[in-house]
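Worksheet: the structure to be examined is printed underneath.
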Amino acid sequence: MARNYRHAIELQKKLSSLRRRVRLPKPVRTVGGADVAFSPDGRYCVAAVVVLSYPGFEELERVHSRMRVTFPYIPGLLSFREAPVMVAAAKKLSCQPDVMLVDGQGMAHPRRFGLACHVGVELGWPTIGCAKSRLMGTHRQPGQRKGCRCRLMDGDEVIGTVLRSREAIKCIYVSEGHLTELDQAVRLVLRCCVRYRLPEPIRSAHNFVTQLRANRKVWNQNEL
DNA sequence: GCGACAG
DNA sequence: ATCTTGTCGC
């Protein structure tokens, strides 16, 4: 898809016009989580997508997909490396989740088109970006109590929310993906943070992808 | 030119 | 992301 660095940036600008900012239409009953891991030699990647009930977080379904790595990691262009496998895995689900949490930024991106936006637009699904660290933007430090938050800014534009998902831990970065709205996204993500720093759907996807990575059979299959 | 920089 | 050991704290 993306030939090179420059082409990828133009593609982001083009695709970003397809992103929509709307509130979720109905009460959330299922939440998806997506994450990616790489083979020991770095030539292949595997994506995991899980769907949990909400609230309750019972696992309803899990799928995965493997693919050859075709793009290097470049800050700002992560989606060209991870979106393809993530989308391929998500398409294997028998039932679309009401909203999907993606391990990376959404709008908190130089061209407002991080991994969560890219995956959301390609699937046509509501997505939320939930990153473990900052890509860009400035912010004050939220209070130490769970639920404390500060706006993530790029100049005078709000691009996301820095959220304390548990007491006294490093904050997470929440931003709009596709078909979602920031305040609603932050409330949902916070409710998904039951006992750990990361929301349950992302933790489940991460645990799954970690066990897949350790499974030799996952990497020993032939090319399709 | 220098530093920053999701996973 | 991945490579790596012990270690501090609840």
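By order of appearance in the structure tokens: chains A, B, ..., then residues from 1 within every chain, and ligands from 1 in the order shown.
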Quick one: which chain C residues come within 12 Å of chain A, and what is the nearest atom pair for each with the distance in Å to one decimal, counting only C-alpha atoms (C1' of nucleotides), rows ordered by chain and ascending number, as a Markdown table?
| residue | atom | partner | partner_atom | distance |
| --- | --- | --- | --- | --- |
| C:DA1 | C1' | A:Ala37 | CA | 7.0 |
| C:DT2 | C1' | A:Pro40 | CA | 7.8 |
| C:DC3 | C1' | A:Pro40 | CA | 10.0 |
Quick one: which chain B residues come within 7 Å of chain A, and what is the nearest atom pair for each with the distance in Å to one decimal, counting only C-alpha atoms (C1' of nucleotides), rows ordered by chain and ascending number, as JSON lines?
{"residue": "B:DC5", "atom": "C1'", "partner": "A:Pro75", "partner_atom": "CA", "distance": 5.5}
{"residue": "B:DA6", "atom": "C1'", "partner": "A:Gly104", "partner_atom": "CA", "distance": 5.1}
{"residue": "B:DG7", "atom": "C1'", "partner": "A:Leu78", "partner_atom": "CA", "distance": 6.9}
Hey, can you spit out that residue selection with C-alpha atoms (C1' of nucleotides) as a CSV table (one decimal), in the first residue's frame?
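Result file follows (selection-v6.csv):
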chain,number,residue,atom,x,y,z
B,5,DC,C1',9.9,10.4,18.7
B,6,DA,C1',3.0,5.6,19.4
B,7,DG,C1',4.9,0.3,18.8
Å distance separating atom CA of A:Gln141 from atom CA of A:Phe113, one decimal place: 24.5 Å
Which of stretch 15-218 of chain A fall in strand (DSSP E or B), as a VMD selection string: chain A and resid 30 to 38 44 to 53 59 to 68 99 to 102 127 to 131 138 149 to 154 157 to 163 172 to 176
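By only C-alpha atoms (C1' of nucleotides), and with residues fewer than 3 positions from A:Ala214 along its chain excluded, the set lying at most 12 Å from it is Ala37, Phe38, Ser39, Pro40, Val46, Asn207, Phe208, Val209, Thr210, Gln211, Lys217, Val218, Trp219 and Asn220 of chain A.
As for atom CA of A:Pro142 and atom CA of A:Cys171, they are spaced 8.1 Å apart.
When atom CA of A:Gln96 is paired with atom CA of A:Val50, their separation reads 10.5 Å.
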